[in-house]
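Participant: Sharing model.txt here; it has compact mmCIF, N, CA and C atoms.
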# COMPACT_ATOMS: atom_id res chain seq x y z
N MET A 1 -26.88 29.05 -15.02
CA MET A 1 -26.55 28.27 -13.85
C MET A 1 -26.73 29.08 -12.57
N GLU A 2 -27.23 28.41 -11.60
CA GLU A 2 -27.40 29.08 -10.32
C GLU A 2 -26.11 29.01 -9.52
N LYS A 3 -25.82 30.05 -8.81
CA LYS A 3 -24.63 30.07 -7.96
C LYS A 3 -24.98 29.46 -6.60
N TRP A 4 -23.95 28.89 -5.99
CA TRP A 4 -24.15 28.33 -4.65
C TRP A 4 -24.35 29.47 -3.67
N LYS A 5 -25.43 29.40 -2.93
CA LYS A 5 -25.70 30.43 -1.94
C LYS A 5 -25.20 30.03 -0.56
N GLU A 6 -25.03 28.72 -0.36
CA GLU A 6 -24.55 28.24 0.94
C GLU A 6 -23.19 27.59 0.75
N LYS A 7 -22.36 27.66 1.76
CA LYS A 7 -21.06 27.01 1.71
C LYS A 7 -21.23 25.54 2.09
N THR A 8 -20.49 24.69 1.42
CA THR A 8 -20.57 23.27 1.70
C THR A 8 -19.55 22.91 2.77
N VAL A 9 -19.97 22.18 3.78
CA VAL A 9 -19.10 21.75 4.86
C VAL A 9 -19.16 20.24 4.94
N ILE A 10 -17.99 19.62 4.97
CA ILE A 10 -17.91 18.17 5.12
C ILE A 10 -17.29 17.88 6.48
N SER A 11 -17.98 17.11 7.26
CA SER A 11 -17.50 16.76 8.59
C SER A 11 -17.18 15.26 8.65
N THR A 12 -15.97 14.93 9.08
CA THR A 12 -15.56 13.53 9.16
C THR A 12 -14.45 13.40 10.19
N THR A 13 -14.07 12.18 10.47
CA THR A 13 -12.95 11.96 11.37
C THR A 13 -11.67 11.80 10.55
N LEU A 14 -10.54 11.99 11.17
CA LEU A 14 -9.26 11.87 10.49
C LEU A 14 -9.04 10.43 10.01
N ASN A 15 -9.49 9.47 10.78
CA ASN A 15 -9.35 8.06 10.40
C ASN A 15 -10.16 7.75 9.14
N ASP A 16 -11.39 8.24 9.07
CA ASP A 16 -12.22 8.02 7.88
C ASP A 16 -11.63 8.71 6.66
N LEU A 17 -11.08 9.89 6.84
CA LEU A 17 -10.44 10.61 5.75
C LEU A 17 -9.22 9.86 5.24
N SER A 18 -8.43 9.32 6.14
CA SER A 18 -7.25 8.55 5.77
C SER A 18 -7.63 7.28 5.01
N ASN A 19 -8.63 6.58 5.50
CA ASN A 19 -9.08 5.36 4.82
C ASN A 19 -9.68 5.67 3.45
N TRP A 20 -10.38 6.78 3.32
CA TRP A 20 -10.93 7.16 2.03
C TRP A 20 -9.83 7.48 1.02
N SER A 21 -8.77 8.15 1.47
CA SER A 21 -7.69 8.49 0.56
C SER A 21 -6.89 7.26 0.13
N ARG A 22 -6.84 6.23 0.98
CA ARG A 22 -6.14 5.01 0.65
C ARG A 22 -6.98 4.07 -0.20
N LEU A 23 -8.24 4.35 -0.36
CA LEU A 23 -9.15 3.46 -1.06
C LEU A 23 -8.78 3.24 -2.51
N SER A 24 -8.34 4.27 -3.20
CA SER A 24 -8.09 4.15 -4.63
C SER A 24 -6.63 3.97 -5.00
N SER A 25 -5.74 3.81 -4.05
CA SER A 25 -4.34 3.59 -4.37
C SER A 25 -3.78 2.49 -3.48
N LEU A 26 -2.90 1.71 -4.05
CA LEU A 26 -2.25 0.64 -3.29
C LEU A 26 -0.86 1.07 -2.87
N TRP A 27 -0.55 0.84 -1.63
CA TRP A 27 0.78 1.12 -1.11
C TRP A 27 1.38 -0.22 -0.68
N PRO A 28 2.11 -0.88 -1.58
CA PRO A 28 2.61 -2.21 -1.27
C PRO A 28 3.91 -2.18 -0.45
N LEU A 29 4.08 -3.22 0.31
CA LEU A 29 5.33 -3.48 1.02
C LEU A 29 6.01 -4.61 0.25
N LEU A 30 7.16 -4.33 -0.32
CA LEU A 30 7.88 -5.34 -1.09
C LEU A 30 8.68 -6.22 -0.14
N TYR A 31 8.48 -7.52 -0.23
CA TYR A 31 9.18 -8.48 0.62
C TYR A 31 9.67 -9.61 -0.27
N GLY A 32 10.96 -9.80 -0.29
CA GLY A 32 11.52 -10.84 -1.14
C GLY A 32 12.69 -11.53 -0.48
N THR A 33 12.95 -12.74 -0.95
CA THR A 33 14.06 -13.51 -0.44
C THR A 33 15.00 -13.85 -1.59
N SER A 34 16.27 -13.89 -1.31
CA SER A 34 17.36 -14.27 -2.22
C SER A 34 17.32 -13.54 -3.56
N CYS A 35 17.59 -14.25 -4.62
CA CYS A 35 17.76 -13.61 -5.93
C CYS A 35 16.45 -13.16 -6.54
N CYS A 36 15.34 -13.69 -6.10
CA CYS A 36 14.03 -13.30 -6.67
C CYS A 36 13.72 -11.83 -6.41
N PHE A 37 14.18 -11.33 -5.28
CA PHE A 37 13.84 -9.94 -4.94
C PHE A 37 14.56 -8.94 -5.84
N ILE A 38 15.72 -9.28 -6.36
CA ILE A 38 16.44 -8.35 -7.23
C ILE A 38 15.63 -8.05 -8.48
N GLU A 39 15.04 -9.08 -9.07
CA GLU A 39 14.17 -8.87 -10.23
C GLU A 39 12.88 -8.18 -9.82
N PHE A 40 12.38 -8.52 -8.66
CA PHE A 40 11.14 -7.96 -8.15
C PHE A 40 11.28 -6.47 -7.86
N ALA A 41 12.44 -6.07 -7.35
CA ALA A 41 12.67 -4.67 -7.01
C ALA A 41 12.78 -3.78 -8.24
N SER A 42 12.96 -4.37 -9.40
CA SER A 42 13.05 -3.56 -10.62
C SER A 42 11.70 -2.92 -10.97
N LEU A 43 10.62 -3.34 -10.32
CA LEU A 43 9.31 -2.72 -10.55
C LEU A 43 9.30 -1.24 -10.21
N ILE A 44 10.11 -0.85 -9.24
CA ILE A 44 10.11 0.55 -8.84
C ILE A 44 11.20 1.34 -9.55
N GLY A 45 11.93 0.69 -10.44
CA GLY A 45 12.97 1.37 -11.21
C GLY A 45 12.39 2.15 -12.37
N SER A 46 13.27 2.78 -13.12
CA SER A 46 12.83 3.65 -14.22
C SER A 46 12.28 2.87 -15.41
N ARG A 47 12.66 1.61 -15.58
CA ARG A 47 12.19 0.86 -16.74
C ARG A 47 10.70 0.52 -16.66
N PHE A 48 10.26 0.06 -15.50
CA PHE A 48 8.86 -0.32 -15.34
C PHE A 48 8.03 0.76 -14.64
N ASP A 49 8.64 1.51 -13.74
CA ASP A 49 8.06 2.71 -13.12
C ASP A 49 6.61 2.54 -12.69
N PHE A 50 6.38 1.75 -11.67
CA PHE A 50 5.03 1.53 -11.17
C PHE A 50 4.43 2.76 -10.49
N ASP A 51 5.23 3.77 -10.22
CA ASP A 51 4.70 4.99 -9.60
C ASP A 51 3.65 5.65 -10.47
N ARG A 52 3.80 5.59 -11.77
CA ARG A 52 2.84 6.26 -12.65
C ARG A 52 1.48 5.57 -12.66
N TYR A 53 1.41 4.34 -12.16
CA TYR A 53 0.13 3.62 -12.05
C TYR A 53 -0.49 3.77 -10.66
N GLY A 54 0.12 4.57 -9.83
CA GLY A 54 -0.40 4.77 -8.49
C GLY A 54 0.05 3.73 -7.49
N LEU A 55 0.99 2.88 -7.87
CA LEU A 55 1.51 1.84 -6.99
C LEU A 55 2.79 2.35 -6.37
N VAL A 56 2.69 2.98 -5.21
CA VAL A 56 3.83 3.59 -4.56
C VAL A 56 4.34 2.65 -3.48
N PRO A 57 5.58 2.12 -3.63
CA PRO A 57 6.11 1.19 -2.62
C PRO A 57 6.42 1.91 -1.32
N ARG A 58 6.09 1.26 -0.22
CA ARG A 58 6.33 1.81 1.11
C ARG A 58 7.34 0.91 1.81
N SER A 59 8.28 1.51 2.50
CA SER A 59 9.28 0.70 3.20
C SER A 59 8.87 0.39 4.63
N SER A 60 7.80 0.99 5.08
CA SER A 60 7.32 0.77 6.43
C SER A 60 6.02 -0.03 6.40
N PRO A 61 5.92 -1.10 7.19
CA PRO A 61 4.66 -1.86 7.21
C PRO A 61 3.50 -1.07 7.80
N ARG A 62 3.77 -0.05 8.57
CA ARG A 62 2.69 0.75 9.16
C ARG A 62 2.03 1.68 8.15
N GLN A 63 2.66 1.85 6.98
CA GLN A 63 2.10 2.70 5.94
C GLN A 63 1.58 1.88 4.76
N ALA A 64 1.89 0.60 4.72
CA ALA A 64 1.52 -0.24 3.58
C ALA A 64 0.18 -0.94 3.83
N ASP A 65 -0.52 -1.26 2.74
CA ASP A 65 -1.75 -2.02 2.88
C ASP A 65 -1.77 -3.26 2.00
N LEU A 66 -0.62 -3.65 1.49
CA LEU A 66 -0.50 -4.82 0.63
C LEU A 66 0.92 -5.34 0.73
N ILE A 67 1.08 -6.64 0.92
CA ILE A 67 2.41 -7.25 0.92
C ILE A 67 2.57 -8.04 -0.37
N LEU A 68 3.60 -7.72 -1.12
CA LEU A 68 3.94 -8.47 -2.32
C LEU A 68 5.21 -9.25 -2.01
N THR A 69 5.16 -10.56 -2.12
CA THR A 69 6.32 -11.38 -1.80
C THR A 69 6.89 -12.01 -3.07
N ALA A 70 8.21 -12.18 -3.07
CA ALA A 70 8.89 -12.84 -4.18
C ALA A 70 9.89 -13.81 -3.58
N GLY A 71 9.93 -15.01 -4.10
CA GLY A 71 10.85 -16.01 -3.59
C GLY A 71 10.15 -16.98 -2.66
N THR A 72 10.91 -17.93 -2.19
CA THR A 72 10.39 -18.96 -1.30
C THR A 72 10.48 -18.48 0.14
N VAL A 73 9.37 -18.50 0.83
CA VAL A 73 9.35 -18.14 2.25
C VAL A 73 9.53 -19.42 3.04
N THR A 74 10.68 -19.57 3.66
CA THR A 74 10.99 -20.76 4.43
C THR A 74 10.47 -20.61 5.86
N MET A 75 10.55 -21.69 6.61
CA MET A 75 10.13 -21.66 8.01
C MET A 75 10.98 -20.68 8.83
N LYS A 76 12.21 -20.49 8.41
CA LYS A 76 13.09 -19.57 9.11
C LYS A 76 12.69 -18.10 8.86
N MET A 77 12.17 -17.81 7.68
CA MET A 77 11.78 -16.45 7.32
C MET A 77 10.33 -16.13 7.68
N ALA A 78 9.53 -17.14 7.92
CA ALA A 78 8.10 -16.94 8.18
C ALA A 78 7.81 -16.04 9.38
N PRO A 79 8.50 -16.18 10.51
CA PRO A 79 8.18 -15.29 11.64
C PRO A 79 8.37 -13.81 11.34
N SER A 80 9.39 -13.46 10.56
CA SER A 80 9.59 -12.04 10.23
C SER A 80 8.51 -11.53 9.29
N LEU A 81 8.04 -12.39 8.38
CA LEU A 81 6.96 -12.00 7.48
C LEU A 81 5.65 -11.83 8.25
N VAL A 82 5.39 -12.70 9.19
CA VAL A 82 4.18 -12.59 10.02
C VAL A 82 4.24 -11.33 10.88
N ARG A 83 5.41 -10.99 11.39
CA ARG A 83 5.57 -9.78 12.20
C ARG A 83 5.26 -8.54 11.36
N LEU A 84 5.74 -8.50 10.13
CA LEU A 84 5.44 -7.37 9.25
C LEU A 84 3.95 -7.28 8.95
N TYR A 85 3.32 -8.43 8.72
CA TYR A 85 1.88 -8.45 8.44
C TYR A 85 1.08 -7.93 9.63
N GLU A 86 1.47 -8.30 10.82
CA GLU A 86 0.75 -7.86 12.02
C GLU A 86 0.91 -6.36 12.27
N GLN A 87 1.98 -5.75 11.76
CA GLN A 87 2.20 -4.32 11.96
C GLN A 87 1.42 -3.47 10.97
N MET A 88 0.86 -4.08 9.94
CA MET A 88 0.12 -3.33 8.94
C MET A 88 -1.23 -2.89 9.48
N PRO A 89 -1.70 -1.70 9.08
CA PRO A 89 -3.02 -1.23 9.53
C PRO A 89 -4.13 -1.93 8.75
N GLU A 90 -5.32 -1.88 9.26
CA GLU A 90 -6.50 -2.41 8.57
C GLU A 90 -6.98 -1.41 7.54
N PRO A 91 -7.54 -1.76 6.45
CA PRO A 91 -7.63 -3.09 5.87
C PRO A 91 -6.31 -3.49 5.25
N LYS A 92 -6.00 -4.78 5.24
CA LYS A 92 -4.74 -5.24 4.67
C LYS A 92 -5.01 -6.46 3.78
N TYR A 93 -4.21 -6.56 2.75
CA TYR A 93 -4.37 -7.60 1.75
C TYR A 93 -3.05 -8.31 1.53
N VAL A 94 -3.08 -9.55 1.12
CA VAL A 94 -1.87 -10.32 0.84
C VAL A 94 -1.96 -10.86 -0.58
N LYS A 95 -0.94 -10.64 -1.36
CA LYS A 95 -0.86 -11.16 -2.73
C LYS A 95 0.31 -12.11 -2.79
N LYS A 96 0.04 -13.35 -3.18
CA LYS A 96 1.11 -14.36 -3.25
C LYS A 96 1.75 -14.36 -4.62
Translate this structure into structure tokens?

Facilitator:
Amino acid sequence: MEKWKEKTVISTTLNDLSNWSRLSSLWPLLYGTSCCFIEFASLIGSRFDFDRYGLVPRSSPRQADLILTAGTVTMKMAPSLVRLYEQMPEPKYVKK
């Protein structure tokens, strides 16, 4: 095998590097209403442990790129859900 004679340099922007690192992992924002969220929140507990699958829940919408909702979203709760969605960075996805 030949040895590398030149050093490899990668030049990029911090934004591109951040988007590349987020490409292969999902950081969901858990959003639930009433009793449905209690069962939904068990995903991050020790029994189901979604961390080992690379699904790390984020409590801040500015760090999340996916909203997972559980329960019925009423007209009274819709404005707060829309506000959280608008605070998320691009690209963002919604799973119903």

Participant: Which residues are near Leu84 of chain A? Cut-off 9 Å, only C-alpha atoms, ignore same chain within fewer than 3 positions. Put them as a PyMOL selection string.

Facilitator: chain A and resi 60-62+67+79-81+87-88

Participant: Selected residues, N, CA and C atoms, written as a PDB file, in the frame of the given file, please.

Facilitator:
ATOM      1  N   SER A  60       7.800   0.990   5.080  1.00  0.00           N
ATOM      2  CA  SER A  60       7.320   0.770   6.430  1.00  0.00           C
ATOM      3  C   SER A  60       6.020  -0.030   6.400  1.00  0.00           C
ATOM      4  N   PRO A  61       5.920  -1.100   7.190  1.00  0.00           N
ATOM      5  CA  PRO A  61       4.660  -1.860   7.210  1.00  0.00           C
ATOM      6  C   PRO A  61       3.500  -1.070   7.800  1.00  0.00           C
ATOM      7  N   ARG A  62       3.770  -0.050   8.570  1.00  0.00           N
ATOM      8  CA  ARG A  62       2.690   0.750   9.160  1.00  0.00           C
ATOM      9  C   ARG A  62       2.030   1.680   8.150  1.00  0.00           C
ATOM     10  N   ILE A  67       1.080  -6.640   0.920  1.00  0.00           N
ATOM     11  CA  ILE A  67       2.410  -7.250   0.920  1.00  0.00           C
ATOM     12  C   ILE A  67       2.570  -8.040  -0.370  1.00  0.00           C
ATOM     13  N   PRO A  79       8.500 -16.180  10.510  1.00  0.00           N
ATOM     14  CA  PRO A  79       8.180 -15.290  11.640  1.00  0.00           C
ATOM     15  C   PRO A  79       8.370 -13.810  11.340  1.00  0.00           C
ATOM     16  N   SER A  80       9.390 -13.460  10.560  1.00  0.00           N
ATOM     17  CA  SER A  80       9.590 -12.040  10.230  1.00  0.00           C
ATOM     18  C   SER A  80       8.510 -11.530   9.290  1.00  0.00           C
ATOM     19  N   LEU A  81       8.040 -12.390   8.380  1.00  0.00           N
ATOM     20  CA  LEU A  81       6.960 -12.000   7.480  1.00  0.00           C
ATOM     21  C   LEU A  81       5.650 -11.830   8.250  1.00  0.00           C
ATOM     22  N   GLN A  87       1.980  -5.750  11.760  1.00  0.00           N
ATOM     23  CA  GLN A  87       2.200  -4.320  11.960  1.00  0.00           C
ATOM     24  C   GLN A  87       1.420  -3.470  10.970  1.00  0.00           C
ATOM     25  N   MET A  88       0.860  -4.080   9.940  1.00  0.00           N
ATOM     26  CA  MET A  88       0.120  -3.330   8.940  1.00  0.00           C
ATOM     27  C   MET A  88      -1.230  -2.890   9.480  1.00  0.00           C
TER      28      MET A  88
END

Participant: What is the atom C of Met77 of chain A-atom C of Gly45 of chain A distance in Å, reported with one decimal?

Facilitator: 27.2 Å

Participant: Nearest to Ile38 of chain A among A:Ala70, A:Pro57, A:Thr13, A:Glu86, with distances taken over only N, CA and C atoms: which residue is it?

Facilitator: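 Of A:Ala70, A:Pro57, A:Thr13, A:Glu86, the one nearest Ile38 of chain A is A:Ala70, counting only N, CA and C atoms.
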
Participant: Could you tell me how far atom C of Pro91 of chain A lies from atom CA of Leu43 of chain A, in Å and to one decimal?

Facilitator: 22.2 Å

Participant: Report, in Å with one decimal, the straight-line distance from atom N of Lys92 of chain A to atom N of Leu66 of chain A.

Facilitator: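 Separating atom N of Lys92 of chain A from atom N of Leu66 of chain A is a distance of 6.7 Å.
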
Participant: Which is closest to Arg58 of chain A among A:Ser11, A:Phe37, A:Gly71, A:Leu26, if we use all atoms listed in the file?

Facilitator: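 Going through A:Ser11, A:Phe37, A:Gly71, A:Leu26 one by one, the smallest distance to Arg58 of chain A is for A:Leu26.
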
Participant: With only N, CA and C atoms as the atoms that count, which of A:Ser59, A:Thr12, A:Ser46, A:Thr33 lies nearest to Val73 of chain A?

Facilitator: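 Result for the nearest residue to Val73 of chain A: A:Thr33.
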
Participant: Given the choices A:Leu14, A:Glu39, A:Asp49, A:Glu90, which gets closest to Asp65 of chain A if the distance is worked out from only N, CA and C atoms?

Facilitator: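 Looking only at the distances to Asp65 of chain A, the closest residue turns out to be A:Glu90.
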
Participant: When DSSP is applied to the backbone of this structure, which of segment 14-88 of chain A are assigned alpha helix (DSSP H)? Write them out as JSON, numbers by chain.

Facilitator: {"A": [14, 15, 16, 17, 18, 19, 20, 21, 22, 36, 37, 38, 39, 40, 78, 79, 80, 81, 82, 83, 84, 85, 86, 87]}
